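Trainee: I'm passing along start-v3.txt; it holds compact mmCIF, C-alpha atoms.
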```txt
# COMPACT_ATOMS: atom_id res chain seq x y z
CA MET C 1 15.03 17.53 -11.50
CA VAL C 2 13.16 16.43 -8.39
CA SER C 3 15.37 15.30 -5.53
CA PRO C 4 15.05 11.59 -4.71
CA ALA C 5 14.48 12.62 -1.10
CA ALA C 6 11.15 14.16 -2.16
CA TYR C 7 9.90 10.74 -3.31
CA LEU C 8 11.11 9.20 -0.05
CA ILE C 9 9.28 11.88 1.96
CA VAL C 10 6.05 11.18 0.07
CA GLY C 11 6.51 7.50 0.91
CA ALA C 12 7.13 8.34 4.57
CA ILE C 13 4.00 10.52 4.72
CA LEU C 14 1.88 7.76 3.19
CA PHE C 15 3.35 5.25 5.63
CA ALA C 16 2.59 7.53 8.59
CA LEU C 17 -0.98 8.02 7.35
CA GLY C 18 -1.42 4.26 7.08
CA LEU C 19 0.02 3.77 10.56
CA PHE C 20 -2.44 6.34 11.93
CA GLY C 21 -5.31 4.52 10.22
CA VAL C 22 -4.27 1.15 11.65
CA LEU C 23 -3.98 2.54 15.17
CA ALA C 24 -6.95 4.91 15.27
CA ARG C 25 -9.71 3.34 13.19
CA ARG C 26 -11.99 0.53 14.34
CA ASN C 27 -13.57 -0.60 11.10
CA ALA C 28 -11.69 -3.71 9.96
CA LEU C 29 -12.09 -2.77 6.31
CA THR C 30 -10.57 0.68 6.87
CA ILE C 31 -7.70 -0.83 8.86
CA PHE C 32 -7.09 -3.25 6.02
CA MET C 33 -7.01 -0.44 3.46
CA SER C 34 -4.54 1.44 5.66
CA VAL C 35 -2.27 -1.61 5.60
CA GLU C 36 -2.43 -1.57 1.80
CA LEU C 37 -1.45 2.10 1.90
CA MET C 38 1.61 1.25 4.03
CA LEU C 39 2.62 -1.52 1.61
CA ASN C 40 2.45 0.99 -1.24
CA ALA C 41 4.55 3.49 0.68
CA ALA C 42 7.20 0.81 1.12
CA ASN C 43 7.01 0.05 -2.61
CA LEU C 44 7.57 3.71 -3.48
CA THR C 45 10.67 3.71 -1.27
CA PHE C 46 11.99 0.53 -2.92
CA LEU C 47 11.55 2.00 -6.39
CA THR C 48 13.18 5.30 -5.40
CA PHE C 49 16.26 3.54 -4.08
CA ALA C 50 16.31 1.29 -7.16
CA ARG C 51 16.47 4.34 -9.43
CA HIS C 52 18.77 6.42 -7.18
CA PRO C 53 21.05 3.99 -5.31
CA LEU C 54 23.48 5.32 -2.74
CA ARG C 55 26.39 3.69 -4.58
CA GLY C 56 26.80 1.85 -7.83
CA PRO C 57 24.62 1.99 -10.94
CA PRO C 58 20.78 1.81 -10.77
CA SER C 59 19.71 -1.76 -10.08
CA LEU C 60 16.48 -3.55 -10.94
CA ASP C 61 16.49 -5.62 -7.73
CA GLY C 62 14.19 -3.06 -6.11
CA HIS C 63 11.73 -3.54 -8.96
CA ALA C 64 11.73 -7.30 -8.35
CA ILE C 65 11.06 -6.76 -4.63
CA ALA C 66 8.21 -4.35 -5.42
CA PHE C 67 6.78 -6.97 -7.77
CA PHE C 68 6.79 -9.54 -4.97
CA VAL C 69 5.21 -7.06 -2.57
CA ILE C 70 2.32 -6.59 -5.03
CA ALA C 71 1.90 -10.37 -5.37
CA VAL C 72 1.93 -10.86 -1.59
CA ALA C 73 -0.55 -7.99 -1.18
CA ALA C 74 -2.90 -9.69 -3.64
CA ALA C 75 -2.80 -12.98 -1.69
CA GLU C 76 -3.14 -11.10 1.59
CA ALA C 77 -6.17 -9.16 0.31
CA ALA C 78 -7.92 -12.38 -0.75
CA VAL C 79 -7.37 -14.16 2.58
CA GLY C 80 -7.90 -11.05 4.74
CA LEU C 81 -11.20 -10.14 3.10
CA ALA C 82 -12.31 -13.76 3.48
CA VAL C 83 -11.55 -13.49 7.21
CA ILE C 84 -13.56 -10.26 7.41
CA ILE C 85 -16.50 -11.96 5.68
CA ALA C 86 -16.29 -14.90 8.09
CA VAL C 87 -16.16 -12.55 11.10
CA PHE C 88 -19.13 -10.57 9.81
CA ARG C 89 -21.07 -13.78 9.32
CA THR C 90 -20.54 -14.98 12.90
CA ARG C 91 -20.53 -11.61 14.74
CA GLY C 92 -22.62 -9.38 12.52
CA THR C 93 -20.06 -6.55 12.75
CA VAL C 94 -16.68 -5.59 11.35
CA GLU C 95 -15.69 -3.40 14.32
CA VAL C 96 -12.45 -4.75 15.71
CA ASP C 97 -13.36 -3.69 19.27
CA ALA C 98 -16.15 -6.27 19.22
CA LEU C 99 -13.66 -9.09 18.79
CA ARG C 100 -12.48 -9.88 22.31
CA THR C 101 -13.14 -13.59 22.70
CA LEU C 102 -9.53 -14.34 23.65
CA ARG C 103 -9.54 -11.62 26.29
CA ASN C 104 -12.03 -13.34 28.59
CA MET Q 1 10.53 21.29 -15.32
CA ILE Q 2 7.69 19.09 -16.53
CA GLU Q 3 8.96 16.39 -14.18
CA THR Q 4 8.71 18.75 -11.22
CA VAL Q 5 5.15 19.75 -12.09
CA LEU Q 6 4.07 16.13 -12.56
CA PHE Q 7 5.79 15.10 -9.35
CA TRP Q 8 3.92 17.69 -7.32
CA ILE Q 9 0.58 16.82 -8.90
CA PHE Q 10 1.03 13.10 -8.22
CA ALA Q 11 2.52 13.61 -4.75
CA VAL Q 12 -0.34 15.86 -3.61
CA LEU Q 13 -2.93 13.48 -5.08
CA ALA Q 14 -1.31 10.48 -3.38
CA VAL Q 15 -1.18 12.16 0.03
CA LEU Q 16 -4.75 13.47 -0.32
CA GLY Q 17 -5.93 9.99 -1.31
CA GLY Q 18 -4.13 8.47 1.66
CA ALA Q 19 -5.67 11.01 4.01
CA GLY Q 20 -9.07 10.23 2.50
CA VAL Q 21 -8.64 6.53 3.28
CA VAL Q 22 -7.76 7.18 6.89
CA LEU Q 23 -10.22 9.98 7.65
CA SER Q 24 -13.38 9.13 5.70
CA ARG Q 25 -16.25 7.75 7.75
CA SER Q 26 -17.60 5.33 5.20
CA PRO Q 27 -15.36 2.50 3.92
CA LEU Q 28 -16.79 3.05 0.45
CA ASN Q 29 -15.46 6.61 0.27
CA GLY Q 30 -12.18 5.38 1.71
CA ALA Q 31 -11.91 2.75 -1.01
CA MET Q 32 -12.48 5.34 -3.74
CA SER Q 33 -9.79 7.58 -2.20
CA LEU Q 34 -7.47 4.58 -2.14
CA VAL Q 35 -8.05 4.01 -5.87
CA GLY Q 36 -7.07 7.64 -6.47
CA ALA Q 37 -3.96 7.24 -4.33
CA PHE Q 38 -2.98 4.10 -6.28
CA PHE Q 39 -3.29 5.94 -9.61
CA ALA Q 40 -1.18 8.81 -8.29
CA LEU Q 41 1.42 6.33 -7.05
CA ALA Q 42 1.49 4.73 -10.49
CA GLY Q 43 2.33 8.18 -11.86
CA LEU Q 44 5.17 8.51 -9.36
CA TYR Q 45 6.46 5.08 -10.40
CA LEU Q 46 6.50 6.28 -14.00
CA LEU Q 47 8.55 9.32 -12.99
CA LEU Q 48 11.01 6.89 -11.37
CA SER Q 49 11.17 5.08 -14.77
CA ALA Q 50 9.47 1.97 -13.40
CA GLN Q 51 7.12 1.37 -16.34
CA LEU Q 52 6.30 -2.27 -15.59
CA LEU Q 53 5.58 -1.60 -11.92
CA ALA Q 54 3.37 1.38 -12.83
CA ALA Q 55 1.32 -0.82 -15.16
CA LEU Q 56 1.10 -3.55 -12.51
CA GLN Q 57 0.07 -0.98 -9.93
CA VAL Q 58 -2.90 0.06 -12.05
CA LEU Q 59 -3.82 -3.46 -13.16
CA VAL Q 60 -3.36 -5.40 -9.92
CA TYR Q 61 -3.88 -2.79 -7.20
CA ALA Q 62 -6.32 -0.26 -8.64
CA GLY Q 63 -7.96 -2.98 -10.69
CA ALA Q 64 -8.08 -6.39 -9.06
CA ILE Q 65 -7.48 -5.72 -5.36
CA MET Q 66 -9.71 -2.67 -5.12
CA VAL Q 67 -12.52 -4.41 -6.99
CA LEU Q 68 -12.27 -7.16 -4.38
CA PHE Q 69 -12.45 -4.54 -1.63
CA LEU Q 70 -15.48 -2.79 -3.15
CA PHE Q 71 -17.12 -6.17 -3.66
CA VAL Q 72 -16.75 -7.04 0.03
CA ILE Q 73 -17.79 -3.56 1.22
CA MET Q 74 -20.98 -3.71 -0.82
CA LEU Q 75 -21.58 -7.37 0.06
CA LEU Q 76 -21.39 -6.70 3.80
CA ASN Q 77 -23.27 -3.39 3.43
CA VAL Q 78 -22.39 -2.31 6.96
CA GLY Q 79 -25.27 -0.14 8.15
CA ALA Q 80 -24.94 3.63 7.77
CA ASP Q 81 -25.82 4.19 11.44
CA GLU Q 82 -22.95 1.97 12.51
CA VAL Q 83 -20.56 3.90 10.29
CA ARG Q 84 -21.72 7.28 11.63
CA GLN Q 85 -21.08 6.18 15.19
CA GLU Q 86 -17.36 5.69 14.74
CA ARG Q 87 -15.65 8.52 16.56
CA ILE Q 88 -11.93 8.50 17.18
CA GLY Q 89 -11.54 8.98 20.93
CA PRO Q 90 -9.01 11.47 22.31
CA ILE Q 91 -6.69 8.85 23.82
CA ARG Q 92 -6.75 6.57 20.80
CA GLY Q 93 -6.45 9.48 18.38
CA GLY Q 94 -3.67 11.10 20.38
CA VAL Q 95 -1.62 7.91 20.65
CA ALA Q 96 -2.08 7.19 16.95
CA THR Q 97 -1.14 10.76 15.95
CA LEU Q 98 1.94 10.79 18.17
CA THR Q 99 3.11 7.38 16.98
CA SER Q 100 2.73 8.16 13.30
CA LEU Q 101 4.29 11.62 13.65
CA ALA Q 102 7.22 10.10 15.55
CA ALA Q 103 7.70 7.50 12.81
CA LEU Q 104 7.50 10.22 10.15
CA ALA Q 105 10.02 12.43 11.98
CA LEU Q 106 12.48 9.59 12.58
CA VAL Q 107 12.39 8.31 9.01
CA GLY Q 108 12.11 11.73 7.36
CA ARG Q 109 15.16 13.07 9.17
CA GLU Q 110 17.25 10.18 7.91
CA PHE Q 111 15.87 10.59 4.38
CA LEU Q 112 16.69 14.30 4.27
CA ARG Q 113 20.22 13.62 5.42
CA ILE Q 114 21.08 11.32 2.49
CA ARG Q 115 23.25 12.78 -0.27
CA PHE Q 116 22.29 11.04 -3.48
CA PRO Q 117 25.01 10.65 -6.11
CA PHE Q 118 23.94 11.26 -9.69
CA ALA Q 119 22.99 7.93 -11.30
CA ARG Q 120 22.31 7.47 -15.00
CA PRO Q 121 20.08 4.43 -15.61
CA PRO Q 122 20.52 2.21 -18.67
CA SER Q 123 18.11 2.99 -21.49
CA ASP Q 124 15.97 -0.11 -20.85
CA PHE Q 125 15.69 0.55 -17.09
CA GLY Q 126 12.33 -0.62 -15.73
CA THR Q 127 10.98 -2.02 -18.98
CA VAL Q 128 9.15 -5.34 -19.11
CA ALA Q 129 12.16 -6.99 -20.78
CA ALA Q 130 14.70 -5.76 -18.24
CA VAL Q 131 12.61 -6.54 -15.13
CA GLY Q 132 11.58 -9.89 -16.62
CA ARG Q 133 15.21 -10.79 -17.13
CA VAL Q 134 15.95 -10.06 -13.46
CA LEU Q 135 12.86 -11.96 -12.29
CA PHE Q 136 13.77 -15.06 -14.26
CA SER Q 137 17.48 -15.07 -13.45
CA ASP Q 138 18.30 -13.74 -9.98
CA PHE Q 139 14.81 -14.16 -8.52
CA THR Q 140 13.65 -17.43 -10.09
CA LEU Q 141 13.05 -19.20 -6.79
CA PRO Q 142 11.06 -16.37 -5.15
CA PHE Q 143 9.10 -15.99 -8.39
CA GLU Q 144 8.08 -19.66 -8.34
CA ALA Q 145 7.36 -19.46 -4.61
CA THR Q 146 4.97 -16.58 -5.40
CA SER Q 147 2.88 -18.91 -7.54
CA LEU Q 148 2.59 -21.29 -4.58
CA LEU Q 149 1.67 -18.38 -2.32
CA LEU Q 150 -1.10 -17.26 -4.67
CA LEU Q 151 -2.42 -20.82 -4.86
CA ALA Q 152 -2.44 -21.01 -1.07
CA GLY Q 153 -4.19 -17.64 -1.00
CA ILE Q 154 -6.95 -18.86 -3.32
CA LEU Q 155 -7.49 -22.02 -1.28
CA GLY Q 156 -7.36 -20.13 2.01
CA ALA Q 157 -9.90 -17.56 0.84
CA VAL Q 158 -12.32 -20.27 -0.29
CA VAL Q 159 -11.92 -22.31 2.91
CA VAL Q 160 -12.32 -19.32 5.24
CA ALA Q 161 -15.13 -17.47 3.47
CA LYS Q 162 -17.27 -20.44 2.51
CA GLY Q 163 -19.34 -21.69 5.41
CA LYS Q 164 -19.66 -25.30 4.31
CA ILE Q 165 -17.49 -27.07 1.76
```
Show me the file's structure as structure tokens.

Mentor:
Amino acid sequence: MVSPAAYLIVGAILFALGLFGVLARRNALTIFMSVELMLNAANLTFLTFARHPLRGPPSLDGHAIAFFVIAVAAAEAAVGLAVIIAVFRTRGTVEVDALRTLRN
Amino acid sequence: MIETVLFWIFAVLAVLGGAGVVLSRSPLNGAMSLVGAFFALAGLYLLLSAQLLAALQVLVYAGAIMVLFLFVIMLLNVGADEVRQERIGPIRGGVATLTSLAALALVGREFLRIRFPFARPPSDFGTVAAVGRVLFSDFTLPFEATSLLLLAGILGAVVVAKGKI
């Protein structure tokens, strides 16, 4: 049997990878995909703790939360990609470094 | 035994897919890696006896959301020269590496310290019926709020992306 900690470590690695992508990359689409990766890492952690709780019997509440995370991610993807399209239309680029209107 | 083998296959695939998203130059390659990572994660969900969530992962994430991503990537068709130019500078790369490694170390240490008691799930754990029962009893209000959120998402996407209405 695989230890539940192994699943949690996989989730932590995926989260760290996503964090690296958000901080290091400049392409808005890549940053957005990294955020999706972090959401999935959180989902994996939720499901691991739902199946292997620290006390009490396994509970399906974690499954419900993961369900809502997927729904929120769907809405976020729709709006976020629309924002990227709008930015590309006005600026002609999706590099986040080019967006500094509020800085001046 | 079979569980261990499957876990390692899915875990390695998920991490490789995640690394592909972050490190690939072209967003298109990154999106394909992300699809692979989502499939591997669905496998991990199955090993955690979360059948419904595994199916939703493939349908909603690998299906709907990634199709939307690929659609936008191909629609924008960001020039290849622009993609090639992206280099991660030493300061930016160093800060990002340090931050993510610190987060991984902090969280991983806590995870490895946990002692998990043995838990035997009920036979219908993670099935559509069981999760549906929870969604429509304890989580009725959030569930209905989700429908409003999705409606707002549709409207917001149309308003933002469409130049003139």

Trainee: Counting all atoms listed in the file, which residues sit no farther than 12 Å from the position (-1.4, -3.6, 6.3) in the file's frame? I'd like them as JSON, numbers by chain.

Mentor: {"C": [15, 17, 18, 19, 20, 21, 22, 23, 28, 29, 30, 31, 32, 33, 34, 35, 36, 37, 38, 39, 40, 41, 42, 69, 72, 73, 74, 76, 77, 80]}

Trainee: Neighbours of Leu59 in chain Q within 12 Å (all atoms listed in the file; same-chain residues fewer than 3 positions away dropped), as a PyMOL selection string?

Mentor: (chain C and resi 70-71+74) or (chain Q and resi 35+38-39+42+52-56+62-67)

Trainee: Just the number, please: distance in Å from CA of Val72 in chain Q to CA of Ala82 in chain C, one decimal.

Mentor: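 Calculated distance between CA of Val72 in chain Q and CA of Ala82 in chain C is 8.8 Å.
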
Trainee: Do you have the CA of Leu34 in chain Q-CA of Gly20 in chain Q distance handy?

Mentor: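 Between these atoms lies a distance of 7.5 Å.
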
Trainee: Separation of CA of Met32 in chain Q and CA of Val83 in chain C, in Å?

Mentor: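 We find that CA of Met32 in chain Q and CA of Val83 in chain C lie 21.8 Å from each other.
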
Trainee: For Leu48 in chain Q, find every residue with an atom within 8 Å (counting only C-alpha atoms), except residues of its own chain fewer than 2 positions away, and show them as a list in words.

Mentor: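 The residues satisfying every condition are Leu47, Thr48 and Arg51 of chain C; Leu44, Tyr45, Leu46 and Ala50 of chain Q.
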
Trainee: From the structure block, carefully write range 20-52 of chain Q out with C-alpha atoms; format it as a CSV table (one decimal), in the first residue's frame.

Mentor:
```csv
chain,number,residue,atom,x,y,z
Q,20,GLY,CA,6.7,20.4,-19.2
Q,21,VAL,CA,4.1,23.2,-18.6
Q,22,VAL,CA,6.6,25.4,-16.7
Q,23,LEU,CA,9.7,24.8,-18.8
Q,24,SER,CA,8.5,24.5,-22.4
Q,25,ARG,CA,9.1,27.6,-24.6
Q,26,SER,CA,5.9,27.4,-26.6
Q,27,PRO,CA,2.5,27.6,-24.9
Q,28,LEU,CA,1.2,24.9,-27.2
Q,29,ASN,CA,3.7,22.3,-26.0
Q,30,GLY,CA,2.9,23.5,-22.4
Q,31,ALA,CA,-0.8,22.9,-23.0
Q,32,MET,CA,-0.2,19.4,-24.3
Q,33,SER,CA,2.0,18.6,-21.2
Q,34,LEU,CA,-0.8,20.0,-19.0
Q,35,VAL,CA,-3.3,17.6,-20.7
Q,36,GLY,CA,-0.9,14.7,-19.9
Q,37,ALA,CA,-0.6,15.9,-16.3
Q,38,PHE,CA,-4.4,16.1,-15.9
Q,39,PHE,CA,-4.8,12.5,-17.2
Q,40,ALA,CA,-2.1,11.3,-14.7
Q,41,LEU,CA,-3.8,13.2,-11.9
Q,42,ALA,CA,-7.1,11.5,-12.9
Q,43,GLY,CA,-5.3,8.2,-12.4
Q,44,LEU,CA,-4.1,9.3,-9.0
Q,45,TYR,CA,-7.7,10.3,-8.1
Q,46,LEU,CA,-8.8,6.8,-9.0
Q,47,LEU,CA,-6.2,5.3,-6.7
Q,48,LEU,CA,-7.7,7.4,-4.0
Q,49,SER,CA,-11.1,5.9,-4.8
Q,50,ALA,CA,-12.5,9.2,-6.1
Q,51,GLN,CA,-14.2,7.8,-9.2
Q,52,LEU,CA,-16.5,10.8,-9.8
```
